[in-house]
Amino acid sequence: MTTENLENKEVRCAIYTRKSVEGDGDRLTSPQAQQEAVMDFIAERVGRGEKWTTSDALYYEDYGYSGGNLDRPRLQALLADIKNGMVDAIAVYSLDRLSRNVREFAELQALFLAHGVRYYSVMERYETSSPCDREFIETIIMSVAQKQRKDAAARVKHSFHCMAEKGMRTGGNPIIGYDIKEKAWVANAVEQQQALDQFTVYLQTQSLYKAAALLNAKGYRFKKWIVVNGENKGKEKGGGRYTKTGLARVLRNVVYIGKIKFNGKLYDGKHEAIIPPDIFNDVQSLLGKNAVARNSRLRDKYDFWLRGLVRCVSCGSPMTTSFAYNKYGDCYRYYVCSSVNHGGKEKCPVRRVSADTVQALVFDRLERLAECPELVALVMRETQEQADIRIPEILLERKRLDDERKSLDQQAHNLVDALAYSGLQGNPMLAERLAEVGRLRDALAARLKALEAEEKHVRSRAPSPEVIAGNLKKVCRVFWKLTPDERKDLCALLFREVLYDHAGHQVILNFYSLPGQPWLLERVGGEEFDKSLKHRKGGDSNPRGACAPGSFRDRRFRRLAHLPANLRTSNSSCPAILF
């Protein structure tokens with residue numbers, strides 16, 4: 001809110017209402033009741049002679065959404081209209097209708113301030129005269145609302161814990177062998193044979209992939225059900241083919257042995273067990289035996305520094321990492337198409353690609369980034385544009401903080417006068433408030449000093465092609481001195497994704513700093529490119545060792561997996577392609 005006089009200015013007021021729980025019959029918290037209260041508030045302002053207007057187009061209602069986050073469709077529509085300059089003020093029944101989270105409410109407050117939008121609460125009914133008082137009151141209100149939300153979450157968790165102790169269902173989707181009736185697990189006699197086959201077939205094959213294939217061959221599918229509540233009410237879910245990950249999740253479900261799992265503990269359930277405990281325990285032992293540790297440190301020791309970035313163009317699926325050793329102890333590293341890994345070879349024509357080949361192509365392009373005049377010019381232009389945007393923001397923020405500082409100075413002056421009149425001992429609250437104002441003034445002074453330093457730095461920063469090219473060269477110079485985790489993190493900051501196109505025989509690199517511009521790394525003939533992807537004896541036999549520049553491993557790595565020299569891109573520019 002601001003203190004400007006609104007009597008002679010037309011105010012387009014938006015009304016926002018929210019109700020978090022469907023089916024709540026409380027008339028006082030219904031969206032209709034909230035809207036009526038806000039309309040009365042607007043009528044009161046009009047009665048004072050102020051030119052307030054509203055309409056159905058400025059009414060935003062979210063029903064069945066929590067105030068714990070901003071992921072609400074009508075609230076997002078309201079924020080979009082604010083950014084488009086269609087709203088001058090917002091009126092709500094209470095501030096917790098906007099948000100129950102202090103941090104996210106602060107984000108809304110910053111957005112409102114940036115677009116000159118005022119907001120009013122019917123229930124709180126406060127009119128602040130200074131930015132300091134406004135922030136003080138709103139922080140208290142939102143902190144209380146957030147505490148109420150946390151208390152409600154704790155109550156729900158406690159109720160679920162009590163249900164688990166009594167053997168009642170605490171949630172979860174329907175599974176083969178059971179139906180959900182009156183929120184309880186009920187055994188389905190028709191599906192019990194399929195439920196048992198899930199366990200016995202896995203024990204026979206001792207492989208999740210083979211077990212999923214056999215279950216699919218028998219015509220089995222995952223459980224199919226209809227959603228009965230929520231946003232997807234009436235929609236059909238499930239019914240898909242068996243996959244490795246889906247089957248593993250089913251085999252670990254303790255519901256099959258009559259148990260309820262909640263918060264890491266097991267409780268005896270009221271429902272019927274349909275899988276013998278000995279079979280279930282044998283399956284758990286086999287799953288544990290076949291499990292492969294998947295933590296990041298174990299994977300990173302093989303230096304997959306493009307992990308999580310490589311995507312298959314043929315099917316659009318991400319490519320995961322894999323490795324294997326031959327009888328001589330040589331290690332081969334691959335990026336494997338996840339659709340093949342989960343659904344079988346027929347899902348995608350691309351099975352895997354040599355990690356050495358892909359990573360060598362990417363590093364080769366990194367080495368030549370500094371020689372790309374288009375990239376250097378783009379970095380210079382974006383740096384200057386960011387400075388042109390940031391300086392007005394700094395000036396606006398400095399003005400706002402300076403206004404708040406003047407307001408605090410006035411408050412401090414008034415408090416000193418009040419203390420001089422009544423005495424320090426008789427007014428401890430005034431003394432405490434004066435100390436609080438002093439702390440706020442110190443914080444504002446520190447923030448103003450930081451903004452002044454930032455403004456000076458932004459104005460003095462003049463990027464040159466030589467400086468930018470030198471910084472780009474430093475990336476490759478220090479690349480092999482980084483740890484595997486650091487190399488992976490650096491690539492995640494540089495690249496949006498790395499596309500492997502098997503049919504087009506190319507690897508495409510998409511930089512974060514180049515929005516909408518994929519850059520071609522290498523385009524080579526299909527036969528030669530395929531040769532570079534085949535197994536090679538004497539591959540990377542020391543995956544854990546260092547790869548320092550000039551070492552044997554580095555020299556072999558930088559030969560681009562034996563690609564012919566005449567097929568490597570020799571020009572300094574990066575040709576852009578449409579993808």
# chains A, B, ... in the order shown; residues from 1 in each chain; ligands from 1

$ residues_around --residues "Leu79 of chain A" --least-positions-apart "2" --cutoff "12 Å" --atoms "only C-alpha atoms" --output "PyMOL selection string"
chain A and resi 14+16+58+60+70-77+81-90+98+107-112+114-115+117

$ residues_around --residues "Ile394 of chain A" --least-positions-apart "5" --cutoff "9 Å" --atoms "only C-alpha atoms" --output "PyMOL selection string"
chain A and resi 399+451-452+454-455

$ atom_distance --atom1 "atom CA of Val11 of chain A" --atom2 "atom CA of Asn69 of chain A"
27.9 Å

$ closest_residue --among "A:Glu385, A:Asp485, A:Asp179, A:Glu165" --to "Leu266 of chain A" --atoms "only C-alpha atoms"
A:Glu165
